[in-house]
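Q: Quick one, entry_1.tsv (TSV, C-alpha atoms):
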```
chain	number	residue	atom	x	y	z
U	1	MET	CA	15.41	22.83	80.10
U	2	VAL	CA	15.31	24.00	76.47
U	3	ARG	CA	12.16	25.00	74.58
U	4	THR	CA	12.19	24.35	70.83
U	5	GLU	CA	8.91	25.54	69.31
U	6	ASP	CA	6.15	23.35	70.84
U	7	GLN	CA	8.38	20.82	72.60
U	8	VAL	CA	10.36	21.23	75.79
U	9	ILE	CA	13.65	19.35	76.07
U	10	HIS	CA	14.90	18.27	79.49
U	11	ARG	CA	18.21	16.70	80.43
U	12	VAL	CA	17.78	13.97	83.01
U	13	ARG	CA	20.50	12.28	85.05
U	14	THR	CA	19.92	8.52	84.78
U	15	VAL	CA	21.76	5.27	85.43
U	16	GLY	CA	22.81	5.48	81.77
U	17	GLY	CA	24.23	8.99	82.03
U	18	GLU	CA	22.57	12.26	81.07
U	19	VAL	CA	19.64	11.58	78.76
U	20	ALA	CA	17.76	14.15	76.68
U	21	CYS	CA	13.98	13.83	76.72
U	22	SER	CA	11.20	15.84	75.10
U	23	VAL	CA	7.78	16.74	76.47
U	24	VAL	CA	4.85	17.96	74.37
U	25	GLY	CA	1.10	18.12	74.97
U	26	SER	CA	-0.93	17.79	78.16
U	27	GLY	CA	-2.87	15.16	80.05
U	28	PRO	CA	-1.77	11.73	81.31
U	29	ALA	CA	1.74	10.65	80.39
U	30	LEU	CA	2.58	8.61	77.30
U	31	LEU	CA	6.19	7.43	77.13
U	32	ILE	CA	7.47	6.57	73.65
U	33	GLY	CA	10.49	4.29	73.60
U	34	GLY	CA	13.69	5.15	71.76
U	35	TRP	CA	14.03	4.09	68.14
U	36	TRP	CA	16.48	3.91	65.28
U	37	CYS	CA	18.70	6.99	64.89
U	38	SER	CA	16.49	9.24	67.02
U	39	HIS	CA	17.33	12.92	67.44
U	40	LEU	CA	14.81	15.01	69.36
U	41	ILE	CA	15.36	18.20	67.39
U	42	LEU	CA	15.89	16.74	63.91
U	43	ASN	CA	12.88	14.44	64.29
U	44	TRP	CA	10.73	17.38	65.35
U	45	LYS	CA	11.66	19.28	62.17
U	46	ASP	CA	10.08	16.53	60.06
U	47	PRO	CA	6.49	17.73	59.44
U	48	LEU	CA	5.17	14.16	59.16
U	49	PHE	CA	6.78	13.09	62.42
U	50	ARG	CA	5.62	16.25	64.15
U	51	ALA	CA	2.03	15.82	62.97
U	52	PHE	CA	2.01	12.22	64.20
U	53	VAL	CA	3.29	13.08	67.69
U	54	SER	CA	1.02	16.13	67.86
U	55	ARG	CA	-2.03	13.94	67.24
U	56	LEU	CA	-1.06	11.78	70.21
U	57	ALA	CA	-0.44	14.95	72.22
U	58	THR	CA	-4.10	15.95	71.87
U	59	ARG	CA	-4.78	13.35	74.58
U	60	PHE	CA	-1.46	12.84	76.32
U	61	THR	CA	1.67	14.48	77.62
U	62	VAL	CA	3.99	12.76	75.16
U	63	ILE	CA	7.48	11.95	76.43
U	64	ARG	CA	10.22	10.98	73.98
U	65	TYR	CA	13.91	10.46	74.63
U	66	ASP	CA	17.17	9.90	72.79
U	67	GLN	CA	18.69	6.64	73.94
U	68	PRO	CA	21.94	6.85	75.92
U	69	GLY	CA	24.82	7.53	73.55
U	70	ARG	CA	22.57	8.79	70.74
U	71	GLY	CA	21.06	12.04	69.53
U	72	LEU	CA	21.19	14.77	72.18
U	73	SER	CA	21.93	12.36	75.02
U	74	GLU	CA	25.35	12.10	76.60
U	75	ALA	CA	27.93	10.48	74.33
U	76	GLY	CA	29.13	7.06	75.33
U	77	VAL	CA	28.41	3.39	74.92
U	78	PRO	CA	24.65	2.68	74.73
U	79	VAL	CA	23.17	0.63	77.56
U	80	ASP	CA	21.66	-2.83	77.08
U	81	PRO	CA	17.85	-3.34	77.22
U	82	ASP	CA	17.86	-3.94	80.98
U	83	GLY	CA	19.84	-0.74	81.46
U	84	GLU	CA	17.50	1.21	79.21
U	85	ILE	CA	14.49	-0.01	81.19
U	86	ALA	CA	16.11	1.55	84.26
U	87	VAL	CA	16.78	4.72	82.25
U	88	THR	CA	13.11	5.05	81.29
U	89	ALA	CA	12.06	4.61	84.93
U	90	ASP	CA	14.48	7.41	85.87
U	91	ILE	CA	12.97	9.66	83.19
U	92	VAL	CA	9.43	9.07	84.45
U	93	ASP	CA	10.56	9.79	88.02
U	94	ALA	CA	12.40	12.97	87.04
U	95	LEU	CA	9.37	14.33	85.19
U	96	GLY	CA	7.12	13.63	88.18
U	97	PHE	CA	4.69	11.06	86.77
U	98	GLU	CA	3.42	8.22	88.94
U	99	ARG	CA	1.93	6.18	86.09
U	100	VAL	CA	2.40	6.17	82.33
U	101	ALA	CA	1.09	4.53	79.21
U	102	VAL	CA	3.89	3.20	77.01
U	103	LEU	CA	4.27	3.03	73.23
U	104	GLY	CA	7.06	0.87	71.86
U	105	ALA	CA	7.79	1.06	68.13
U	106	SER	CA	10.13	-1.24	66.21
U	107	SER	CA	13.34	-1.86	68.18
U	108	GLY	CA	11.91	0.24	71.02
U	109	SER	CA	9.28	-2.42	71.67
U	110	ALA	CA	11.59	-4.65	73.71
U	111	VAL	CA	12.30	-1.95	76.28
U	112	ALA	CA	8.64	-0.87	76.31
U	113	ALA	CA	7.54	-4.45	77.03
U	114	GLY	CA	10.28	-4.83	79.64
U	115	LEU	CA	9.18	-1.68	81.45
U	116	ALA	CA	5.55	-2.86	81.48
U	117	ALA	CA	6.57	-6.31	82.70
U	118	ARG	CA	8.81	-5.08	85.50
U	119	LEU	CA	6.77	-2.10	86.68
U	120	PRO	CA	3.11	-3.07	86.16
U	121	ARG	CA	1.96	-0.71	88.91
U	122	ARG	CA	3.44	2.24	87.03
U	123	VAL	CA	2.51	1.23	83.46
U	124	HIS	CA	-1.24	1.03	82.93
U	125	ARG	CA	-1.37	0.33	79.17
U	126	LEU	CA	1.05	-0.83	76.49
U	127	VAL	CA	0.94	-0.45	72.70
U	128	LEU	CA	3.53	-2.14	70.49
U	129	TYR	CA	3.89	-1.14	66.83
U	130	GLY	CA	6.02	-2.80	64.15
U	131	SER	CA	7.43	-5.07	66.82
U	132	PHE	CA	9.28	-8.37	66.96
U	133	ALA	CA	10.22	-10.82	69.70
U	134	ARG	CA	13.71	-11.70	68.45
U	135	GLY	CA	15.96	-9.59	66.26
U	136	VAL	CA	17.42	-12.61	64.49
U	137	ASP	CA	14.00	-13.26	62.96
U	138	ILE	CA	13.90	-9.94	61.09
U	139	ALA	CA	15.98	-11.18	58.16
U	140	PRO	CA	18.22	-14.12	57.20
U	141	ASP	CA	21.73	-14.13	58.64
U	142	GLY	CA	23.35	-13.32	55.29
U	143	ALA	CA	21.12	-10.29	54.73
U	144	ARG	CA	21.80	-8.99	58.25
U	145	ARG	CA	25.55	-9.34	57.80
U	146	ALA	CA	25.51	-7.69	54.37
U	147	LEU	CA	23.63	-4.67	55.68
U	148	LEU	CA	25.93	-4.27	58.69
U	149	ASP	CA	28.96	-4.52	56.41
U	150	ALA	CA	27.52	-1.89	54.06
U	151	ILE	CA	26.85	0.53	56.92
U	152	SER	CA	30.32	0.06	58.38
U	153	ALA	CA	32.15	0.34	55.05
U	154	HIS	CA	30.13	3.14	53.44
U	155	TRP	CA	27.56	4.92	55.61
U	156	GLY	CA	26.29	6.89	52.62
U	157	LEU	CA	25.32	3.70	50.78
U	158	GLY	CA	24.18	2.02	53.99
U	159	SER	CA	21.88	4.92	54.89
U	160	ARG	CA	20.26	4.71	51.44
U	161	LEU	CA	19.75	0.96	51.75
U	162	LEU	CA	18.06	1.51	55.11
U	163	ALA	CA	15.88	4.26	53.65
U	164	ASP	CA	14.68	1.83	50.97
U	165	VAL	CA	13.68	-0.60	53.73
U	166	PHE	CA	12.21	1.85	56.24
U	167	VAL	CA	10.33	4.24	53.92
U	168	PRO	CA	9.62	2.31	50.69
U	169	GLY	CA	6.50	4.35	50.02
U	170	ALA	CA	8.49	7.59	49.74
U	171	ASP	CA	9.71	9.02	46.46
U	172	SER	CA	13.43	9.21	45.71
U	173	ALA	CA	13.81	12.74	47.11
U	174	GLU	CA	12.13	11.79	50.40
U	175	ARG	CA	14.24	8.66	50.71
U	176	GLU	CA	17.37	10.72	50.20
U	177	ARG	CA	16.24	13.18	52.90
U	178	PHE	CA	15.70	10.29	55.31
U	179	ALA	CA	19.09	8.82	54.43
U	180	ARG	CA	20.66	12.19	55.21
U	181	PHE	CA	18.77	12.39	58.52
U	182	GLN	CA	20.24	9.04	59.52
U	183	ARG	CA	23.75	10.26	58.72
U	184	LEU	CA	23.20	13.42	60.76
U	185	SER	CA	21.83	11.41	63.69
U	186	ALA	CA	24.58	8.82	63.93
U	187	THR	CA	28.08	8.02	62.74
U	188	ALA	CA	28.71	4.85	60.76
U	189	GLU	CA	30.07	3.21	63.90
U	190	GLN	CA	27.04	4.22	65.98
U	191	ALA	CA	24.61	3.10	63.28
U	192	ALA	CA	26.26	-0.29	62.81
U	193	ARG	CA	26.40	-0.82	66.56
U	194	SER	CA	22.74	0.15	66.94
U	195	LEU	CA	21.58	-2.15	64.17
U	196	ALA	CA	23.71	-5.02	65.49
U	197	ALA	CA	22.13	-4.51	68.92
U	198	THR	CA	18.69	-4.63	67.29
U	199	TYR	CA	19.49	-7.97	65.70
U	200	GLU	CA	20.62	-9.27	69.10
U	201	LEU	CA	17.42	-8.25	70.90
U	202	ASP	CA	15.41	-11.00	72.55
U	203	ALA	CA	12.21	-9.76	74.19
U	204	THR	CA	10.57	-13.15	74.67
U	205	GLU	CA	10.83	-13.12	78.47
U	206	TYR	CA	9.59	-9.53	78.69
U	207	LEU	CA	6.59	-10.24	76.46
U	208	ALA	CA	5.54	-13.34	78.40
U	209	ALA	CA	5.64	-11.39	81.67
U	210	VAL	CA	3.45	-8.47	80.55
U	211	THR	CA	0.20	-8.27	82.53
U	212	VAL	CA	-1.11	-4.81	81.59
U	213	PRO	CA	-3.67	-4.36	78.77
U	214	THR	CA	-1.67	-4.57	75.53
U	215	THR	CA	-2.42	-3.78	71.89
U	216	VAL	CA	-0.10	-4.94	69.11
U	217	LEU	CA	-0.26	-3.02	65.81
U	218	HIS	CA	1.44	-4.05	62.58
U	219	ARG	CA	1.22	-2.97	58.96
U	220	ARG	CA	0.46	-5.83	56.60
U	221	ASP	CA	3.25	-5.06	54.11
U	222	ASP	CA	5.90	-3.71	56.51
U	223	ARG	CA	9.19	-4.04	54.60
U	224	ALA	CA	11.48	-3.77	57.64
U	225	VAL	CA	9.76	-6.11	60.12
U	226	PRO	CA	7.61	-8.85	58.55
U	227	PHE	CA	3.93	-8.95	59.46
U	228	ALA	CA	4.28	-12.48	60.84
U	229	LEU	CA	6.61	-11.19	63.55
U	230	GLY	CA	3.92	-8.82	64.81
U	231	LEU	CA	1.48	-11.72	65.01
U	232	ASP	CA	4.10	-13.67	66.93
U	233	VAL	CA	4.46	-10.82	69.44
U	234	ALA	CA	0.69	-10.73	70.00
U	235	ARG	CA	0.67	-14.48	70.67
U	236	ARG	CA	3.41	-14.14	73.26
U	237	VAL	CA	1.72	-11.38	75.30
U	238	PRO	CA	-1.07	-12.75	77.51
U	239	ARG	CA	-4.50	-11.50	76.35
U	240	ALA	CA	-3.01	-9.04	73.85
U	241	THR	CA	-5.20	-7.50	71.15
U	242	PHE	CA	-3.80	-7.59	67.61
U	243	VAL	CA	-4.72	-4.94	65.03
U	244	GLU	CA	-3.72	-5.23	61.37
U	245	LEU	CA	-2.98	-1.94	59.63
U	246	TYR	CA	-2.65	-1.13	55.95
U	247	GLY	CA	0.65	0.01	54.47
U	248	GLU	CA	4.27	-0.89	53.84
U	249	ASP	CA	6.21	1.91	55.57
U	250	HIS	CA	7.80	0.82	58.81
U	251	PHE	CA	7.75	4.12	60.66
U	252	PRO	CA	4.32	4.98	62.09
U	253	TRP	CA	4.47	8.62	60.97
U	254	ARG	CA	4.79	7.60	57.30
U	255	GLY	CA	1.93	6.52	55.03
U	256	ASP	CA	-1.52	6.71	56.62
U	257	ALA	CA	-0.12	8.06	59.89
U	258	THR	CA	-3.51	9.29	61.09
U	259	ALA	CA	-4.88	5.74	61.03
U	260	VAL	CA	-1.85	4.54	63.00
U	261	ALA	CA	-2.11	7.34	65.57
U	262	ASP	CA	-5.81	6.70	66.04
U	263	ALA	CA	-5.21	2.96	66.45
U	264	ILE	CA	-2.65	3.81	69.12
U	265	LEU	CA	-5.11	6.10	70.90
U	266	ARG	CA	-7.77	3.38	70.83
U	267	GLY	CA	-5.25	0.92	72.25
U	268	LEU	CA	-4.58	3.39	75.03
U	269	GLY	CA	-8.27	3.61	75.89
U	270	TYR	CA	-9.31	6.70	73.92
U	271	PRO	CA	-11.87	5.79	71.23
U	272	VAL	CA	-11.44	8.01	68.18
U	273	ARG	CA	-12.81	7.99	64.69
U	274	SER	CA	-10.25	8.50	61.94
U	275	GLN	CA	-11.24	11.00	59.28
U	276	PRO	CA	-10.81	9.23	55.96
U	277	VAL	CA	-9.18	11.01	53.04
U	278	PRO	CA	-11.93	11.83	50.49
U	279	PRO	CA	-11.82	9.62	47.39
U	280	GLY	CA	-9.94	11.15	44.49
U	281	PRO	CA	-6.39	11.68	43.22
U	282	GLU	CA	-5.35	13.31	46.51
U	283	ALA	CA	-6.00	10.03	48.32
U	284	VAL	CA	-3.59	8.04	46.15
U	285	THR	CA	-0.28	7.43	47.91
U	286	GLU	CA	3.10	8.08	46.34
U	287	ARG	CA	3.76	4.33	46.11
U	288	GLU	CA	0.45	3.79	44.33
U	289	ARG	CA	1.30	6.60	41.91
U	290	GLU	CA	4.70	5.06	41.25
U	291	ILE	CA	3.08	1.72	40.43
U	292	LEU	CA	0.43	3.30	38.20
U	293	ARG	CA	3.15	5.08	36.23
U	294	LEU	CA	4.71	1.68	35.55
U	295	VAL	CA	1.28	0.31	34.62
U	296	ALA	CA	1.07	3.10	32.05
U	297	GLU	CA	4.37	1.86	30.60
U	298	GLY	CA	2.73	-1.52	30.00
U	299	LEU	CA	4.46	-3.50	32.75
U	300	THR	CA	2.74	-6.49	34.36
U	301	ASP	CA	2.36	-6.94	38.12
U	302	ALA	CA	5.28	-9.37	38.10
U	303	GLN	CA	7.51	-6.94	36.18
U	304	ILE	CA	6.57	-4.06	38.46
U	305	GLY	CA	7.21	-6.21	41.51
U	306	GLU	CA	10.64	-7.16	40.22
U	307	ARG	CA	11.56	-3.53	39.60
U	308	LEU	CA	10.30	-2.28	42.98
U	309	THR	CA	11.18	-5.40	45.02
U	310	LEU	CA	7.54	-6.16	45.79
U	311	SER	CA	5.50	-9.33	45.40
U	312	PRO	CA	3.03	-9.40	42.47
U	313	HIS	CA	0.26	-9.78	45.06
U	314	THR	CA	1.33	-6.54	46.77
U	315	VAL	CA	1.46	-4.72	43.42
U	316	HIS	CA	-2.03	-5.99	42.56
U	317	ARG	CA	-3.38	-4.77	45.91
U	318	HIS	CA	-1.84	-1.32	45.43
U	319	VAL	CA	-3.49	-1.03	42.01
U	320	ALA	CA	-6.82	-2.21	43.42
U	321	ASN	CA	-6.63	0.33	46.25
U	322	ALA	CA	-5.83	3.12	43.79
U	323	ARG	CA	-8.75	2.13	41.55
U	324	THR	CA	-11.09	2.29	44.55
U	325	LYS	CA	-9.82	5.72	45.55
U	326	LEU	CA	-10.13	7.02	41.99
U	327	GLY	CA	-13.53	5.44	41.37
U	328	VAL	CA	-12.46	3.69	38.16
U	329	ARG	CA	-12.84	0.10	37.01
U	330	SER	CA	-9.64	-0.65	35.11
U	331	ARG	CA	-5.86	-0.43	35.51
U	332	ALA	CA	-5.63	1.68	32.38
U	333	ALA	CA	-8.20	4.17	33.66
U	334	ALA	CA	-6.38	4.44	36.99
U	335	SER	CA	-3.02	5.15	35.36
U	336	ALA	CA	-4.67	7.70	33.05
U	337	ALA	CA	-6.37	9.37	36.02
U	338	ILE	CA	-3.03	9.89	37.73
U	339	ARG	CA	-1.64	11.54	34.61
U	340	THR	CA	-4.58	13.91	34.29
U	341	ASP	CA	-6.04	13.96	37.83
U	342	ARG	CA	-9.40	13.78	36.03
U	343	PRO	CA	-10.47	10.13	36.10
U	344	ASP	CA	-12.93	8.84	33.55
U	345	ARG	CA	-15.37	7.15	35.92
U	346	THR	CA	-17.10	5.30	33.08
U	347	SER	CA	-13.95	3.41	32.06
```
As structure tokens, please, write out the structure in this file.

A:
Amino acid sequence: MVRTEDQVIHRVRTVGGEVACSVVGSGPALLIGGWWCSHLILNWKDPLFRAFVSRLATRFTVIRYDQPGRGLSEAGVPVDPDGEIAVTADIVDALGFERVAVLGASSGSAVAAGLAARLPRRVHRLVLYGSFARGVDIAPDGARRALLDAISAHWGLGSRLLADVFVPGADSAERERFARFQRLSATAEQAARSLAATYELDATEYLAAVTVPTTVLHRRDDRAVPFALGLDVARRVPRATFVELYGEDHFPWRGDATAVADAILRGLGYPVRSQPVPPGPEAVTEREREILRLVAEGLTDAQIGERLTLSPHTVHRHVANARTKLGVRSRAAASAAIRTDRPDRTS
């Protein structure tokens, strides 16, 4: 057992080898499935990630783990989804919990759904975020192949391409930090293998067999996993509740992470009221600021969308949201308010 600040890291012997898992908080257990390029220590050093997990830990003992062959877990070939389901059961046993709630995010949703489907007496609630039923539906075949080739041939470039997809709302410095985190968490070979495995995932049988209360959350403008795939997941899970969230960042700890965390807590049976950010310049996201700077240059929604790889409709919505937060009536007034942080509310 290793204590790193507020989290305690255990090493658990599982069917998939020795797996590193982290425990933080108190209360009933919440198991969070493994996700892309996880690393228990490096993730915990990210203040946004840490704040997100800490909010969940106000109600739960939050358990995270590095998937077999990744992060702090024993090196080797990662297990398939069925094997990882067995690994998660071993982790829960080793930590002494009889029942757990489960959160599956992104590629971790398949294993989360599989655990709930196979062990309904031990999983009492399930929340899926940014999920999909089949990996092949995430992007066209050509796009999937191109990204895998880029990662394999040049991990530096590949990590930046992934950062653009996963954290589009971040500024260039933040995207570069995330790209570097990915390179520290996995080699090019590991990253390509992990992404290829994600594209091969098929959780349709798991989803259809889930009987525990389930909530499916998805951000409307998620750039990594299209919104329609989240709706598809909710349709496949019997009696699932679907909740639409605002934002374009794929990772739940990015963007309005408090709203995501609170939606998760509600899905797990803990009603909470999110504290909204007060209106004003501080409430404007980095993506909204970026768009307003381009508005100030005289670009149209279509031109901004082309430059940032967004639809004109998405650009228009970002501008409208920023105007609401700033309390102004026009695009010009909103862009001026960002430059001065003193909006003219009569404009």

Q: If we count all atoms listed in the file and set the cut-off at 7 Å, which residues sit around Ala117 (chain U), ignoring sequence neighbours fewer than 4 positions away in its own chain? Please answer as a list of chain:residue names.

A: U:Ala113, U:Tyr206, U:Ala209, U:Val210, U:Thr211

Q: Name the closest residue to Arg236 (chain U) among the candidates U:Leu195, U:Leu207, U:Ala163, U:Leu184; distances are taken between atoms, counting only C-alpha atoms.

A: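 Of U:Leu195, U:Leu207, U:Ala163, U:Leu184, the one nearest Arg236 (chain U), counting only C-alpha atoms, is U:Leu207.
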
Q: Using all atoms listed in the file, which residue out of U:Ala203, U:Ile291, U:Leu245, U:Ile91 lies closest to Ala257 (chain U)?

A: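 Once distances to Ala257 (chain U) are computed over all atoms listed in the file, the minimum belongs to U:Leu245.
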
Q: Report as a list in words all protein, DNA and RNA residues lying within 10 Å of Ser54 (chain U), evaluated on only C-alpha atoms, omitting residues in the same chain fewer than 6 positions from it.

A: Asp6, Gln7, Val24, Gly25, Leu48, Phe60, Thr61, Val62 and Ala261 of chain U

Q: Leaving out region 144-159 of chain U and any residue of its chain fewer than 3 positions from it, which residues lie within 7 Å of it when counting all atoms listed in the file, given as a PyMOL selection string?

A: chain U and resi 139-141+162-163+179+182-183+188-189+192

Q: Counting all atoms listed in the file, which residue out of U:Phe251, U:Thr324, U:Ala302, U:Val260 sits closest to Val284 (chain U)?

A: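 That would be U:Thr324, the residue with the smallest distance to Val284 (chain U).
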
Q: Mind checking which residues fall within 10 Å of Gly69 (chain U), counting all atoms listed in the file, ignoring those fewer than 6 positions away in the same chain, and posting them as an mmCIF file with C-alpha atoms, in the frame of the given file?

A:
```cif
data_model
loop_
_atom_site.group_PDB
_atom_site.id
_atom_site.type_symbol
_atom_site.label_atom_id
_atom_site.label_comp_id
_atom_site.auth_asym_id
_atom_site.auth_seq_id
_atom_site.Cartn_x
_atom_site.Cartn_y
_atom_site.Cartn_z
ATOM 1 C CA GLY U 16 22.810 5.480 81.770
ATOM 2 C CA GLY U 17 24.230 8.990 82.030
ATOM 3 C CA GLU U 18 22.570 12.260 81.070
ATOM 4 C CA VAL U 19 19.640 11.580 78.760
ATOM 5 C CA ALA U 75 27.930 10.480 74.330
ATOM 6 C CA GLY U 76 29.130 7.060 75.330
ATOM 7 C CA VAL U 77 28.410 3.390 74.920
ATOM 8 C CA PRO U 78 24.650 2.680 74.730
ATOM 9 C CA VAL U 79 23.170 0.630 77.560
ATOM 10 C CA ALA U 186 24.580 8.820 63.930
ATOM 11 C CA GLN U 190 27.040 4.220 65.980
#
```

Q: Given all atoms listed in the file as the basis, pick out the residue of U:Val243, U:Gln303, U:Leu310, U:Gly27 nearest to Arg287 (chain U).

A: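 Using all atoms listed in the file, Arg287 (chain U) sits closest to U:Leu310.
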
Q: Compile the contact shell of Pro168 (chain U) as a ChimeraX atom specification: residues with an atom at most 8 Å away, counting only C-alpha atoms, same-chain residues fewer than 2 positions apart removed.

A: /U:163-166,170-171,175,223,248-249,287

Q: What is the CA of Glu290 (chain U) to CA of Val328 (chain U) distance in Å?

A: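 If I compute the distance from CA of Glu290 (chain U) to CA of Val328 (chain U), I get 17.5 Å.
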
Q: Determine the nearest neighbour of Arg55 (chain U) from the options U:Ala336, U:Leu229, U:Ala105, U:Ile264, counting all atoms listed in the file.

A: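 So, comparing all the options, the nearest one is U:Ile264.
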
Q: For each of U:Ile32, U:Val315, U:Val8, U:Ala334, take the minimum atom-to-atom distance to Asp221 (chain U), counting only C-alpha atoms, then give the residue where this is smallest.

A: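 Among U:Ile32, U:Val315, U:Val8, U:Ala334, it is U:Val315 that comes nearest to Asp221 (chain U).
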
Q: Work out how far CA of Pro68 (chain U) is from CA of Leu161 (chain U), in Å to one decimal.

A: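 Distance reported for this atom pair: 25.0 Å.
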
Q: How far is it from CA of Glu200 (chain U) to CA of Asp82 (chain U), in Å with one decimal?

A: 13.3 Å

Q: Hey, can you pull every residue with an atom no more than 12 Å from (4.9, -11.5, 72.5), using only C-alpha atoms, and send it as a PDB file with C-alpha atoms, in the coordinates of the input?

A:
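Contents of the output file point21.pdb:
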```
ATOM      1  CA  SER U 109       9.280  -2.420  71.670  1.00  0.00           C
ATOM      2  CA  ALA U 110      11.590  -4.650  73.710  1.00  0.00           C
ATOM      3  CA  ALA U 112       8.640  -0.870  76.310  1.00  0.00           C
ATOM      4  CA  ALA U 113       7.540  -4.450  77.030  1.00  0.00           C
ATOM      5  CA  GLY U 114      10.280  -4.830  79.640  1.00  0.00           C
ATOM      6  CA  ALA U 117       6.570  -6.310  82.700  1.00  0.00           C
ATOM      7  CA  VAL U 127       0.940  -0.450  72.700  1.00  0.00           C
ATOM      8  CA  LEU U 128       3.530  -2.140  70.490  1.00  0.00           C
ATOM      9  CA  TYR U 129       3.890  -1.140  66.830  1.00  0.00           C
ATOM     10  CA  SER U 131       7.430  -5.070  66.820  1.00  0.00           C
ATOM     11  CA  PHE U 132       9.280  -8.370  66.960  1.00  0.00           C
ATOM     12  CA  ALA U 133      10.220 -10.820  69.700  1.00  0.00           C
ATOM     13  CA  ARG U 134      13.710 -11.700  68.450  1.00  0.00           C
ATOM     14  CA  ASP U 202      15.410 -11.000  72.550  1.00  0.00           C
ATOM     15  CA  ALA U 203      12.210  -9.760  74.190  1.00  0.00           C
ATOM     16  CA  THR U 204      10.570 -13.150  74.670  1.00  0.00           C
ATOM     17  CA  GLU U 205      10.830 -13.120  78.470  1.00  0.00           C
ATOM     18  CA  TYR U 206       9.590  -9.530  78.690  1.00  0.00           C
ATOM     19  CA  LEU U 207       6.590 -10.240  76.460  1.00  0.00           C
ATOM     20  CA  ALA U 208       5.540 -13.340  78.400  1.00  0.00           C
ATOM     21  CA  ALA U 209       5.640 -11.390  81.670  1.00  0.00           C
ATOM     22  CA  VAL U 210       3.450  -8.470  80.550  1.00  0.00           C
ATOM     23  CA  THR U 211       0.200  -8.270  82.530  1.00  0.00           C
ATOM     24  CA  THR U 214      -1.670  -4.570  75.530  1.00  0.00           C
ATOM     25  CA  THR U 215      -2.420  -3.780  71.890  1.00  0.00           C
ATOM     26  CA  VAL U 216      -0.100  -4.940  69.110  1.00  0.00           C
ATOM     27  CA  LEU U 217      -0.260  -3.020  65.810  1.00  0.00           C
ATOM     28  CA  ALA U 228       4.280 -12.480  60.840  1.00  0.00           C
ATOM     29  CA  LEU U 229       6.610 -11.190  63.550  1.00  0.00           C
ATOM     30  CA  GLY U 230       3.920  -8.820  64.810  1.00  0.00           C
ATOM     31  CA  LEU U 231       1.480 -11.720  65.010  1.00  0.00           C
ATOM     32  CA  ASP U 232       4.100 -13.670  66.930  1.00  0.00           C
ATOM     33  CA  VAL U 233       4.460 -10.820  69.440  1.00  0.00           C
ATOM     34  CA  ALA U 234       0.690 -10.730  70.000  1.00  0.00           C
ATOM     35  CA  ARG U 235       0.670 -14.480  70.670  1.00  0.00           C
ATOM     36  CA  ARG U 236       3.410 -14.140  73.260  1.00  0.00           C
ATOM     37  CA  VAL U 237       1.720 -11.380  75.300  1.00  0.00           C
ATOM     38  CA  PRO U 238      -1.070 -12.750  77.510  1.00  0.00           C
ATOM     39  CA  ARG U 239      -4.500 -11.500  76.350  1.00  0.00           C
ATOM     40  CA  ALA U 240      -3.010  -9.040  73.850  1.00  0.00           C
ATOM     41  CA  THR U 241      -5.200  -7.500  71.150  1.00  0.00           C
ATOM     42  CA  PHE U 242      -3.800  -7.590  67.610  1.00  0.00           C
TER      43      PHE U 242
END
```
